[in-house]
$ cat structure18.txt   # compact mmCIF, C-alpha atoms and all ligand atoms
# COMPACT_ATOMS: atom_id res chain seq x y z
CA MET A 1 -17.85 -0.24 8.97
CA LYS A 2 -19.14 0.19 5.44
CA ARG A 3 -19.41 -2.87 3.21
CA GLY A 4 -16.57 -3.58 0.80
CA SER A 5 -17.22 -2.78 -2.85
CA ALA A 6 -18.91 -5.55 -4.83
CA LEU A 7 -15.93 -5.56 -7.16
CA TYR A 8 -13.69 -6.88 -4.43
CA ASN A 9 -15.95 -9.28 -2.55
CA ASP A 10 -14.11 -12.55 -1.93
CA PRO A 11 -15.97 -15.79 -2.72
CA ALA A 12 -14.50 -17.43 0.42
CA ARG A 13 -16.16 -14.69 2.48
CA ALA A 14 -19.58 -15.91 1.46
CA GLU A 15 -18.75 -19.31 2.95
CA GLY A 16 -17.84 -17.71 6.28
CA GLN A 17 -14.15 -18.69 6.09
CA PRO A 18 -11.32 -16.21 6.63
CA VAL A 19 -9.80 -15.51 3.21
CA GLY A 20 -6.30 -15.54 4.70
CA THR A 21 -4.04 -13.54 6.99
CA VAL A 22 -2.63 -10.23 5.85
CA VAL A 23 0.08 -8.37 7.77
CA ILE A 24 0.48 -4.67 7.04
CA THR A 25 3.39 -2.49 8.18
CA GLY A 26 2.51 1.17 8.63
CA ALA A 27 -1.04 0.02 9.37
CA SER A 28 -1.98 2.75 11.83
CA SER A 29 -2.33 5.70 9.44
CA GLY A 30 -3.08 6.74 5.86
CA ILE A 31 -2.80 4.07 3.15
CA GLY A 32 -1.89 1.26 5.60
CA ARG A 33 -4.88 2.02 7.82
CA CYS A 34 -7.21 2.22 4.83
CA THR A 35 -5.83 -1.10 3.55
CA ALA A 36 -6.33 -2.79 6.93
CA LEU A 37 -9.99 -1.69 6.95
CA LEU A 38 -10.53 -2.89 3.37
CA PHE A 39 -8.99 -6.32 3.96
CA GLY A 40 -10.98 -6.62 7.21
CA ARG A 41 -14.22 -5.84 5.35
CA ASN A 42 -13.35 -8.52 2.85
CA GLY A 43 -13.01 -11.35 5.36
CA TRP A 44 -9.26 -11.38 6.03
CA ASN A 45 -7.56 -11.78 9.40
CA VAL A 46 -5.53 -8.59 9.78
CA GLY A 47 -2.13 -8.22 11.50
CA LEU A 48 -1.06 -4.64 12.15
CA ILE A 49 2.47 -3.30 12.61
CA ALA A 50 3.61 0.27 13.39
CA ARG A 51 5.55 1.93 16.23
CA GLY A 52 2.99 4.06 18.08
CA PRO A 53 0.71 2.28 20.58
CA ALA A 54 -2.05 4.92 20.23
CA GLY A 55 -2.40 4.41 16.47
CA LEU A 56 -2.10 0.63 16.69
CA THR A 57 -4.70 0.30 19.45
CA SER A 58 -7.12 2.55 17.60
CA ILE A 59 -7.03 0.63 14.29
CA CYS A 60 -7.03 -2.75 16.06
CA SER A 61 -10.12 -1.81 18.13
CA GLU A 62 -11.89 -0.47 15.04
CA LEU A 63 -11.36 -3.79 13.28
CA VAL A 64 -12.21 -6.00 16.27
CA ASP A 65 -15.37 -3.95 16.98
CA ALA A 66 -16.42 -4.63 13.39
CA GLY A 67 -16.03 -8.39 13.90
CA VAL A 68 -12.66 -8.75 12.18
CA ARG A 69 -10.03 -11.06 13.66
CA ALA A 70 -7.17 -8.59 14.12
CA ALA A 71 -4.01 -8.34 16.21
CA CYS A 72 -1.25 -5.75 16.45
CA ALA A 73 2.44 -5.75 17.27
CA ALA A 74 4.63 -2.68 17.78
CA ALA A 75 7.89 -2.68 15.83
CA ASP A 76 10.17 -0.24 14.05
CA VAL A 77 10.56 -1.55 10.49
CA SER A 78 14.20 -0.45 10.43
CA ASP A 79 14.88 -3.06 13.16
CA ALA A 80 14.88 -6.46 11.38
CA ALA A 81 14.91 -8.49 14.62
CA ALA A 82 11.96 -6.56 16.08
CA LEU A 83 10.02 -7.03 12.85
CA ASP A 84 10.68 -10.77 12.88
CA LYS A 85 9.42 -10.95 16.46
CA ALA A 86 6.28 -9.02 15.48
CA ALA A 87 5.64 -11.40 12.56
CA ALA A 88 6.00 -14.44 14.85
CA LEU A 89 3.56 -12.93 17.34
CA LEU A 90 1.00 -12.12 14.64
CA GLU A 91 1.27 -15.61 13.12
CA SER A 92 0.69 -17.17 16.54
CA GLU A 93 -2.45 -15.03 16.92
CA LEU A 94 -3.86 -15.15 13.41
CA GLY A 95 -2.39 -18.15 11.57
CA PRO A 96 0.07 -18.38 8.65
CA ILE A 97 0.68 -15.09 6.85
CA THR A 98 -0.68 -15.28 3.29
CA VAL A 99 -0.09 -11.65 2.29
CA TRP A 100 2.52 -9.21 3.64
CA VAL A 101 2.19 -5.51 2.76
CA ASN A 102 5.24 -3.26 3.26
CA CYS A 103 3.58 0.13 3.67
CA ALA A 104 5.54 1.91 6.45
CA GLY A 105 7.37 4.98 5.17
CA ASN A 106 8.42 8.49 6.07
CA GLY A 107 10.23 11.43 4.49
CA VAL A 108 12.00 14.72 4.97
CA TYR A 109 11.31 17.83 2.87
CA GLY A 110 14.17 20.19 2.16
CA ARG A 111 17.04 20.89 -0.22
CA PHE A 112 19.63 18.12 -0.16
CA LEU A 113 22.24 20.24 1.66
CA ASP A 114 19.67 21.40 4.25
CA VAL A 115 18.78 17.80 5.16
CA THR A 116 21.04 16.42 7.88
CA ILE A 117 22.94 13.17 7.45
CA GLU A 118 20.87 11.66 10.29
CA GLU A 119 17.57 12.63 8.62
CA PHE A 120 18.69 11.30 5.24
CA ARG A 121 19.87 8.03 6.76
CA ARG A 122 16.68 7.64 8.79
CA VAL A 123 14.40 8.08 5.75
CA THR A 124 16.49 5.46 3.93
CA GLU A 125 16.39 3.08 6.89
CA VAL A 126 12.61 3.37 7.33
CA THR A 127 11.40 3.70 3.74
CA TYR A 128 13.94 1.48 1.96
CA MET A 129 15.46 -0.83 4.61
CA GLY A 130 12.02 -1.18 6.25
CA THR A 131 10.75 -2.67 2.97
CA VAL A 132 13.83 -4.88 2.69
CA ASN A 133 13.39 -6.12 6.30
CA GLY A 134 9.67 -6.72 5.80
CA THR A 135 10.29 -8.65 2.58
CA ARG A 136 12.91 -10.81 4.33
CA VAL A 137 10.63 -11.58 7.29
CA ALA A 138 7.75 -12.47 4.94
CA LEU A 139 9.78 -14.60 2.52
CA GLN A 140 11.44 -16.53 5.35
CA ARG A 141 7.94 -17.75 6.17
CA MET A 142 6.39 -17.97 2.69
CA VAL A 143 9.18 -19.58 0.65
CA PRO A 144 9.30 -22.82 2.72
CA ARG A 145 5.49 -23.05 2.36
CA ASP A 146 5.70 -22.19 -1.35
CA ALA A 147 2.71 -19.86 -0.92
CA GLY A 148 2.13 -16.19 -0.28
CA THR A 149 2.29 -12.68 -1.70
CA VAL A 150 4.52 -9.75 -0.76
CA ILE A 151 3.25 -6.31 -1.76
CA ASN A 152 5.69 -3.40 -1.63
CA VAL A 153 4.14 0.06 -1.60
CA CYS A 154 6.52 2.16 -3.69
CA SER A 155 5.63 5.52 -5.32
CA ALA A 156 5.32 7.24 -8.69
CA ILE A 157 8.40 9.16 -7.53
CA ALA A 158 10.37 5.98 -8.37
CA PHE A 159 9.91 6.93 -12.06
CA GLY A 160 11.42 10.41 -11.61
CA GLY A 161 12.82 12.17 -8.52
CA LEU A 162 11.26 15.38 -7.19
CA PRO A 163 13.14 18.36 -5.74
CA VAL A 164 13.20 18.77 -1.93
CA LEU A 165 12.56 15.03 -1.54
CA SER A 166 16.00 13.56 -2.34
CA SER A 167 16.14 10.97 0.46
CA TYR A 168 12.59 9.76 -0.23
CA SER A 169 13.14 9.71 -4.02
CA GLY A 170 16.31 7.67 -3.55
CA ALA A 171 14.60 5.26 -1.16
CA LYS A 172 11.66 4.65 -3.53
CA HIS A 173 13.98 4.12 -6.54
CA ALA A 174 15.78 1.57 -4.35
CA VAL A 175 12.50 -0.12 -3.39
CA ARG A 176 11.68 -0.58 -7.08
CA GLY A 177 15.08 -2.03 -7.98
CA PHE A 178 15.17 -4.28 -4.91
CA SER A 179 11.63 -5.58 -5.54
CA ASP A 180 12.44 -6.31 -9.20
CA SER A 181 15.53 -8.26 -8.24
CA VAL A 182 13.80 -10.41 -5.61
CA ARG A 183 10.86 -11.08 -7.95
CA HIS A 184 13.27 -12.41 -10.57
CA GLU A 185 14.85 -14.70 -7.95
CA LEU A 186 11.43 -16.08 -7.01
CA ILE A 187 10.55 -16.72 -10.65
CA HIS A 188 13.94 -18.35 -11.24
CA GLN A 189 13.36 -20.64 -8.26
CA ARG A 190 9.91 -21.51 -9.73
CA SER A 191 8.44 -20.36 -6.43
CA ARG A 192 4.69 -19.87 -6.13
CA VAL A 193 5.36 -16.91 -3.86
CA SER A 194 4.73 -13.64 -5.72
CA LEU A 195 5.92 -10.09 -5.20
CA THR A 196 4.08 -7.02 -6.48
CA THR A 197 5.27 -3.42 -6.45
CA ILE A 198 2.56 -0.77 -6.21
CA PHE A 199 3.09 2.77 -7.50
CA PRO A 200 0.60 5.23 -5.95
CA PRO A 201 0.34 8.85 -7.12
CA ALA A 202 0.21 11.69 -4.56
CA VAL A 203 -2.29 10.61 -1.91
CA ASN A 204 -4.23 12.59 0.70
CA THR A 205 -2.90 10.98 3.91
CA PRO A 206 -1.28 12.29 7.12
CA PHE A 207 2.13 11.58 5.46
CA PHE A 208 2.69 15.31 4.85
CA SER A 209 2.09 16.13 8.54
CA HIS A 210 4.34 13.25 9.60
CA ALA A 211 7.33 14.04 7.35
CA ALA A 212 10.17 16.14 8.75
CA SER A 213 10.65 19.44 6.91
CA HIS A 214 13.06 22.31 6.30
CA LEU A 215 10.56 24.21 4.12
CA SER A 216 9.04 27.53 5.23
CA GLY A 217 5.48 26.28 4.48
CA SER A 218 3.84 22.97 5.38
CA PRO A 219 4.53 20.02 3.04
CA ARG A 220 1.65 19.06 0.76
CA PRO A 221 1.16 16.47 -2.00
CA ALA A 222 1.91 17.59 -5.57
CA LYS A 223 -1.33 17.86 -7.61
CA PRO A 224 -3.32 15.90 -8.65
CA VAL A 225 -4.07 14.25 -5.33
CA TYR A 226 -6.02 11.00 -4.83
CA GLN A 227 -7.78 9.51 -1.83
CA PRO A 228 -6.07 6.53 -0.11
CA GLU A 229 -9.04 4.19 -0.72
CA ILE A 230 -7.89 3.93 -4.35
CA VAL A 231 -4.47 2.65 -3.26
CA ALA A 232 -6.06 0.20 -0.79
CA ASP A 233 -8.16 -1.17 -3.69
CA ALA A 234 -4.95 -1.68 -5.70
CA ILE A 235 -3.30 -3.53 -2.79
CA LEU A 236 -6.30 -5.84 -2.38
CA LEU A 237 -6.32 -6.51 -6.11
CA ALA A 238 -2.60 -7.32 -5.99
CA ALA A 239 -3.29 -9.80 -3.18
CA ARG A 240 -5.63 -11.67 -5.52
CA ARG A 241 -3.84 -11.55 -8.83
CA ARG A 242 -0.18 -12.14 -9.55
CA ARG A 243 1.04 -8.81 -10.84
CA LYS A 244 4.60 -7.62 -11.38
CA GLU A 245 3.86 -3.94 -10.88
CA MET A 246 0.69 -1.87 -10.50
CA ARG A 247 0.48 1.80 -11.42
CA VAL A 248 -2.48 2.98 -9.40
CA THR A 249 -3.81 5.83 -11.59
CA GLY A 250 -3.66 7.01 -15.19
CA ILE A 251 -1.47 9.90 -13.98
CA THR A 252 1.11 7.39 -12.70
CA VAL A 253 1.02 5.48 -16.01
CA MET A 254 1.46 8.74 -17.95
CA PHE A 255 4.27 9.96 -15.69
CA ASP A 256 6.14 6.66 -16.13
CA LEU A 257 5.70 6.75 -19.93
CA ALA A 258 6.56 10.44 -20.20
CA THR A 259 9.84 10.05 -18.28
CA ARG A 260 10.89 7.58 -20.99
CA LEU A 261 9.31 9.13 -24.11
CA VAL A 262 9.56 12.89 -23.44
CA PRO A 263 12.08 13.32 -20.59
CA GLY A 264 12.70 16.98 -21.49
CA LEU A 265 9.00 17.82 -21.03
CA VAL A 266 8.93 16.00 -17.68
CA ASP A 267 12.02 17.92 -16.52
CA ARG A 268 10.29 21.20 -17.38
CA ALA A 269 7.10 20.16 -15.53
CA ILE A 270 9.13 19.17 -12.45
CA GLN A 271 11.02 22.48 -12.58
CA ARG A 272 7.66 24.30 -12.68
CA LEU A 273 6.46 22.27 -9.68
CA GLY A 274 9.66 23.10 -7.77
CA SER A 275 9.32 23.34 -4.03
CA SER A 276 6.37 25.76 -4.17
CA GLY A 277 4.08 23.04 -5.55
CA GLN A 278 4.99 20.85 -2.58
CA GLN A 279 4.20 23.26 0.25
CA THR A 280 1.27 25.31 1.44
CA ASP A 281 0.58 28.25 3.77
CA ASP A 282 -2.73 26.65 4.74
CA GLU A 283 -3.33 27.09 8.49
CA ALA A 284 -5.10 23.72 8.89
CA ALA A 285 -2.08 21.91 7.40
CA ALA A 286 0.27 23.87 9.70
CA GLN A 287 -1.74 22.92 12.78
CA LEU A 288 -1.58 19.23 11.87
CA ARG A 289 2.24 19.20 11.64
CA GLU A 290 3.58 16.38 13.80
CA PRO A 291 6.84 14.96 12.41
CA THR A 292 7.26 11.28 13.26
CA LEU A 293 10.51 10.43 11.48
CA PHE A 294 12.40 9.59 14.69
CA ALA A 295 9.54 8.81 17.08
CA PRO A 296 5.86 7.93 16.65
CA SER A 297 3.04 10.32 17.47
CA PRO A 298 1.34 9.95 20.88
CA HIS A 299 -1.98 10.35 18.98
CA ALA A 300 -3.79 8.07 16.57
CA SER A 301 -4.01 9.25 12.93
CA GLY A 302 -6.81 8.75 10.44
CA THR A 303 -6.81 7.54 6.86
CA HIS A 304 -7.10 10.99 5.24
CA GLY A 305 -4.96 14.12 5.35
CA PRO A 306 -6.36 17.68 5.20
CA PHE A 307 -6.74 17.79 1.38
CA ASP A 308 -10.16 16.10 1.04
CA ALA A 309 -11.67 18.96 -0.96
CA GLU A 310 -9.23 18.60 -3.86
CA SER A 311 -8.67 14.82 -3.75
CA ARG A 312 -9.96 12.52 -6.46
CA ARG A 313 -11.99 9.54 -5.28
CA PHE A 314 -11.95 7.53 -8.49
CA SER A 315 -9.26 6.04 -10.70
CA THR A 316 -10.24 4.81 -14.16
CA GLN A 317 -6.96 2.89 -14.19
CA MET A 318 -7.99 0.91 -11.09
CA TRP A 319 -11.51 0.42 -12.41
CA LEU A 320 -10.13 -1.04 -15.62
CA SER A 321 -7.63 -3.20 -13.69
CA GLY A 322 -10.40 -4.63 -11.54
CA PHE A 323 -12.76 -5.31 -14.40
CA SER A 324 -10.35 -6.10 -17.19
CA LEU A 325 -10.95 -9.86 -17.44
CA ALA A 326 -14.70 -9.63 -16.93
CA ALA A 327 -14.95 -6.67 -19.33
CA VAL A 328 -13.03 -8.45 -22.11
CA ALA A 329 -15.18 -11.55 -21.69
CA MET A 330 -18.38 -9.47 -21.74
CA ILE A 331 -17.34 -7.56 -24.86
CA PHE A 332 -16.41 -10.86 -26.53
CA ARG A 333 -19.78 -12.39 -25.67
CA ALA A 334 -21.61 -9.27 -26.88
CA MET A 335 -19.73 -9.42 -30.20
CA LEU A 336 -20.53 -13.11 -30.62
CA SER A 337 -24.15 -12.46 -29.81
CA ARG A 338 -24.37 -9.63 -32.43
CA LEU A 339 -23.00 -12.05 -34.97
CA GLY A 340 -25.70 -14.52 -33.98
CA LEU A 341 -23.12 -16.85 -32.45
CA ASN A 342 -24.43 -16.93 -28.92
CA LEU A 343 -22.88 -20.23 -27.85
CA ARG A 344 -24.43 -20.35 -24.36
CA PRO A 345 -27.58 -18.19 -24.39
CA ASP A 346 -28.59 -19.44 -20.93
CA ALA A 347 -25.16 -18.86 -19.34
CA PRO A 348 -25.33 -16.78 -16.15
CA SER A 349 -23.97 -13.25 -16.39
CA LEU A 350 -20.34 -12.80 -15.37
CA PRO A 351 -19.63 -12.27 -11.69
CA ILE A 352 -18.39 -8.77 -10.97
CA HIS A 353 -15.96 -9.84 -8.26
CA GLY A 354 -12.35 -10.82 -8.96
CA PRO A 355 -11.12 -14.41 -9.36
CA GLN A 356 -10.73 -16.85 -6.46
CA ASP A 357 -7.93 -15.93 -4.08
CA PRO A 358 -4.72 -17.45 -5.53
CA HIS A 359 -3.36 -18.29 -2.10
CA PRO A 360 -6.12 -19.84 0.04
CA MET A 361 -5.45 -20.74 3.65
CA PRO A 362 -3.65 -24.08 3.91
CA ALA A 363 -5.79 -27.03 5.05
CA GLY A 364 -6.26 -27.12 8.81
CA SER A 365 -5.54 -23.43 9.31
CA ALA A 366 -8.86 -22.02 8.16
CA GLN A 367 -9.80 -21.40 11.79
CA PRO A 368 -6.65 -19.94 13.37
CA PRO A 369 -6.30 -19.65 17.14
CA ALA A 370 -8.48 -16.97 18.71
CA GLY A 371 -7.13 -13.42 18.41
CA PRO A 372 -7.79 -10.49 20.70
N1 LIG B 1 0.85 9.81 0.75
C1 LIG B 1 1.39 9.78 -0.46
O1 LIG B 1 1.26 10.73 -1.26
C2 LIG B 1 2.14 8.57 -0.92
C3 LIG B 1 2.39 8.44 -2.29
C4 LIG B 1 3.08 7.32 -2.73
C5 LIG B 1 3.52 6.37 -1.81
N2 LIG B 1 3.26 6.55 -0.50
C6 LIG B 1 3.78 5.52 0.42
O2 LIG B 1 2.70 4.90 1.09
C7 LIG B 1 3.15 4.39 2.34
C8 LIG B 1 2.21 4.84 3.43
O3 LIG B 1 2.29 6.26 3.53
P1 LIG B 1 1.09 7.15 4.07
O4 LIG B 1 0.89 8.21 3.06
O5 LIG B 1 -0.05 6.31 4.46
O6 LIG B 1 1.79 7.82 5.35
P2 LIG B 1 1.31 7.95 6.89
O7 LIG B 1 -0.11 8.32 6.96
O8 LIG B 1 2.29 8.87 7.51
O9 LIG B 1 1.50 6.48 7.49
C9 LIG B 1 2.75 5.96 7.75
C10 LIG B 1 2.61 4.69 8.57
O10 LIG B 1 3.91 4.10 8.74
C11 LIG B 1 4.19 3.93 10.12
N3 LIG B 1 5.62 4.12 10.33
C12 LIG B 1 6.36 5.22 10.10
N4 LIG B 1 7.64 5.01 10.44
C13 LIG B 1 7.71 3.73 10.88
C14 LIG B 1 8.77 2.92 11.39
N5 LIG B 1 10.02 3.38 11.50
N6 LIG B 1 8.50 1.65 11.75
C15 LIG B 1 7.22 1.17 11.65
N7 LIG B 1 6.20 1.89 11.18
C16 LIG B 1 6.44 3.16 10.81
C17 LIG B 1 3.35 4.96 10.84
O11 LIG B 1 3.06 4.62 12.18
P3 LIG B 1 4.03 5.01 13.42
O12 LIG B 1 4.46 6.41 13.20
O13 LIG B 1 3.20 4.80 14.64
O14 LIG B 1 5.16 4.03 13.37
C18 LIG B 1 2.09 4.93 9.98
O15 LIG B 1 1.29 3.84 10.35
C19 LIG B 1 4.59 4.88 2.51
O16 LIG B 1 5.48 3.88 2.11
C20 LIG B 1 4.66 6.04 1.54
O17 LIG B 1 5.97 6.27 1.11
C21 LIG B 1 2.58 7.61 -0.01

$ encode --input "structure18.txt" --output "structure tokens" --more "lines below"
Ligand SMILES: NC(=O)c1ccc[n+]([C@@H]2O[C@H](COP(=O)([O-])OP(=O)(O)OC[C@H]3O[C@@H](n4cnc5c(N)ncnc54)[C@H](OP(=O)(O)O)[C@@H]3O)[C@@H](O)[C@H]2O)c1
Amino acid sequence: MKRGSALYNDPARAEGQPVGTVVITGASSGIGRCTALLFGRNGWNVGLIARGPAGLTSICSELVDAGVRAACAAADVSDAAALDKAAALLESELGPITVWVNCAGNGVYGRFLDVTIEEFRRVTEVTYMGTVNGTRVALQRMVPRDAGTVINVCSAIAFGGLPVLSSYSGAKHAVRGFSDSVRHELIHQRSRVSLTTIFPPAVNTPFFSHAASHLSGSPRPAKPVYQPEIVADAILLAARRRRKEMRVTGITVMFDLATRLVPGLVDRAIQRLGSSGQQTDDEAAAQLREPTLFAPSPHASGTHGPFDAESRRFSTQMWLSGFSLAAVAMIFRAMLSRLGLNLRPDAPSLPIHGPQDPHPMPAGSAQPPAGP
């Protein structure tokens, strides 16, 4: 495995301690898989949840081969009891869960009246109720300990629905409202448990092969498309800093603002996008079609979809989020120094990594029982 970026190196890692235990739903493919690898590189114990054994075994072996303490448990996120069982198993293998990432999701492309009631309900049960179930399972463990972070992977689509994605748009709007509500409850209870909602843009993952579809072409992400590593960086950053919401790219920030400031313009842009901007005749995309809404794939998936050539690898928004505190401090020091007010000329330069993890492992659990 490649080394994690210097920006996100955890101080605890240098001391050889696990930073904590993260559990990720939807960890076998796309954003979840990428996030599992990033947390693993940064010294976390990693618990993996998805349905398909092939995908789970493949990501678990990749992590374990790289020296990461990792364990997996198969569960359908729409089944609250199964998810609770999976969480208990992962805690017994890896120690108390410090961060829980709700990343499992699926969709169906097609006009509202072409989508069956069963498909619509299933997308809602996986993408919305899966997040609700995951949040419940995590908070039942974190609230009594008064420590932990829940991270809900939402979508820029929560700021404005797209055509041919009505069930998914509805589910992501619901995820945002639900997450907001629970966060307010936690704040009201003066809990130290935090909840962050992440809003990725369109991302190049196998999602578009996995979604069900009634379109004539193969589903594709609406442009511009970003690589999943950028979203994984945002999730790791959210694990370290209490954030209410994180918009992962400048495009997401602009989309959110535009829906409020110039809704007419946004409507026109979405009309132009229509369904043609969300499908492709590309043969490679057609060959990768493998809808997994009702059952997992028998094959393991990777982190990327087939749109590498057009996908952006860098987000200024994320770069600024990661460096904001250090950058402000550096600019401040530079200004003082120009004014001849260098208060601590011998002070070491600012570290480029983020602050200490806000939720370190509780005493006595720094070395959890051996995993697989
Ligand atoms: N790709 C994008 O453009 C984009 C943009 C914004 C937000 N998102 C969100 O990011 C999250 C991850 O999506 P992705 O793009 O990485 O998609 P992906 O590559 O298709 O990965 C989906 C993951 O969820 C798991 N999963 C699906 N249904 C499940 C179920 N019922 N129970 C448990 N696990 C289930 C899958 O494994 P199994 O099939 O084996 O269960 C897989 O690990 C989703 O919430 C998605 O809505 C994606």

$ atom_distance --input "structure18.txt" --atom1 "CA of Pro206 in chain A" --atom2 "atom C14 of ligand LIG 1 (chain B)"
14.4 Å

$ residues_around --input "structure18.txt" --residues "range 265-279 of chain A" --least-positions-apart "3" --cutoff "6 Å" --atoms "only C-alpha atoms" --output "list in words"
Gly217, Ser218, Pro219, Arg220, Pro221, Ala222 and Val262 of chain A

$ residues_around --input "structure18.txt" --residues "Leu83 in chain A" --least-positions-apart "4" --cutoff "9 Å" --atoms "all atoms listed in the file" --output "VMD selection string"
chain A and resid 49 73 to 79 87 to 88 133 to 134 137

$ write_last_selection --input "structure18.txt" --atoms "C-alpha atoms" --output "short mmCIF file (atom, residue, chain, number, x, y, z; two decimals), in the coordinates of the input"
data_model
loop_
_atom_site.label_atom_id
_atom_site.label_comp_id
_atom_site.auth_asym_id
_atom_site.auth_seq_id
_atom_site.Cartn_x
_atom_site.Cartn_y
_atom_site.Cartn_z
CA ILE A 49 2.47 -3.30 12.61
CA ALA A 73 2.44 -5.75 17.27
CA ALA A 74 4.63 -2.68 17.78
CA ALA A 75 7.89 -2.68 15.83
CA ASP A 76 10.17 -0.24 14.05
CA VAL A 77 10.56 -1.55 10.49
CA SER A 78 14.20 -0.45 10.43
CA ASP A 79 14.88 -3.06 13.16
CA ALA A 87 5.64 -11.40 12.56
CA ALA A 88 6.00 -14.44 14.85
CA ASN A 133 13.39 -6.12 6.30
CA GLY A 134 9.67 -6.72 5.80
CA VAL A 137 10.63 -11.58 7.29
#

$ atom_distance --input "structure18.txt" --atom1 "CA of Phe199 in chain A" --atom2 "atom C9 of ligand LIG 1 (chain B)"
15.6 Å

$ residues_near_ligand --input "structure18.txt" --ligand "ligand LIG 1 (chain B)" --cutoff "7 Å" --atoms "only C-alpha atoms and all ligand atoms" --output "VMD selection string"
chain A and resid 25 to 33 49 to 53 55 75 to 78 103 to 106 126 to 127 153 to 156 199 to 208 210 221 292 to 293 295 to 297 303

$ atom_distance --input "structure18.txt" --atom1 "CA of Leu113 in chain A" --atom2 "CA of Ser216 in chain A"
15.5 Å

$ residues_around --input "structure18.txt" --residues "Val175 in chain A" --least-positions-apart "3" --cutoff "10 Å" --atoms "all atoms listed in the file" --output "list of chain:residue names"
A:Thr127, A:Tyr128, A:Met129, A:Gly130, A:Thr131, A:Val132, A:Asn152, A:Val153, A:Cys154, A:Ser155, A:Ala158, A:Ser169, A:Gly170, A:Ala171, A:Lys172, A:Phe178, A:Ser179, A:Asp180, A:Ser181, A:Thr197

$ residues_around --input "structure18.txt" --residues "Thr149 in chain A" --least-positions-apart "5" --cutoff "7 Å" --atoms "all atoms listed in the file" --output "PyMOL selection string"
chain A and resi 98-100+193-195+239

$ build_atoms --input "structure18.txt" --residues "range 65-76 of chain A" --atoms "N, CA and C atoms" --output "compact mmCIF listing (two decimals), in the coordinates of the input"
# COMPACT_ATOMS: atom_id res chain seq x y z
N ASP A 65 -13.97 -4.37 16.75
CA ASP A 65 -15.37 -3.95 16.98
C ASP A 65 -16.25 -4.28 15.78
N ALA A 66 -15.64 -4.33 14.60
CA ALA A 66 -16.42 -4.63 13.39
C ALA A 66 -16.46 -6.13 13.11
N GLY A 67 -15.94 -6.93 14.06
CA GLY A 67 -16.03 -8.39 13.90
C GLY A 67 -14.87 -9.00 13.14
N VAL A 68 -13.82 -8.22 12.92
CA VAL A 68 -12.66 -8.75 12.18
C VAL A 68 -11.69 -9.36 13.18
N ARG A 69 -11.09 -10.50 12.82
CA ARG A 69 -10.03 -11.06 13.66
C ARG A 69 -8.75 -10.27 13.36
N ALA A 70 -8.32 -9.48 14.33
CA ALA A 70 -7.17 -8.59 14.12
C ALA A 70 -6.27 -8.64 15.33
N ALA A 71 -4.98 -8.41 15.11
CA ALA A 71 -4.01 -8.34 16.21
C ALA A 71 -2.94 -7.34 15.80
N CYS A 72 -2.29 -6.73 16.79
CA CYS A 72 -1.25 -5.75 16.45
C CYS A 72 0.04 -6.05 17.20
N ALA A 73 1.13 -5.58 16.64
CA ALA A 73 2.44 -5.75 17.27
C ALA A 73 3.26 -4.50 16.96
N ALA A 74 3.83 -3.89 18.00
CA ALA A 74 4.63 -2.68 17.78
C ALA A 74 6.03 -3.07 17.34
N ALA A 75 6.51 -2.45 16.28
CA ALA A 75 7.89 -2.68 15.83
C ALA A 75 8.31 -1.53 14.93
N ASP A 76 9.59 -1.21 14.98
CA ASP A 76 10.17 -0.24 14.05
C ASP A 76 10.68 -1.05 12.86
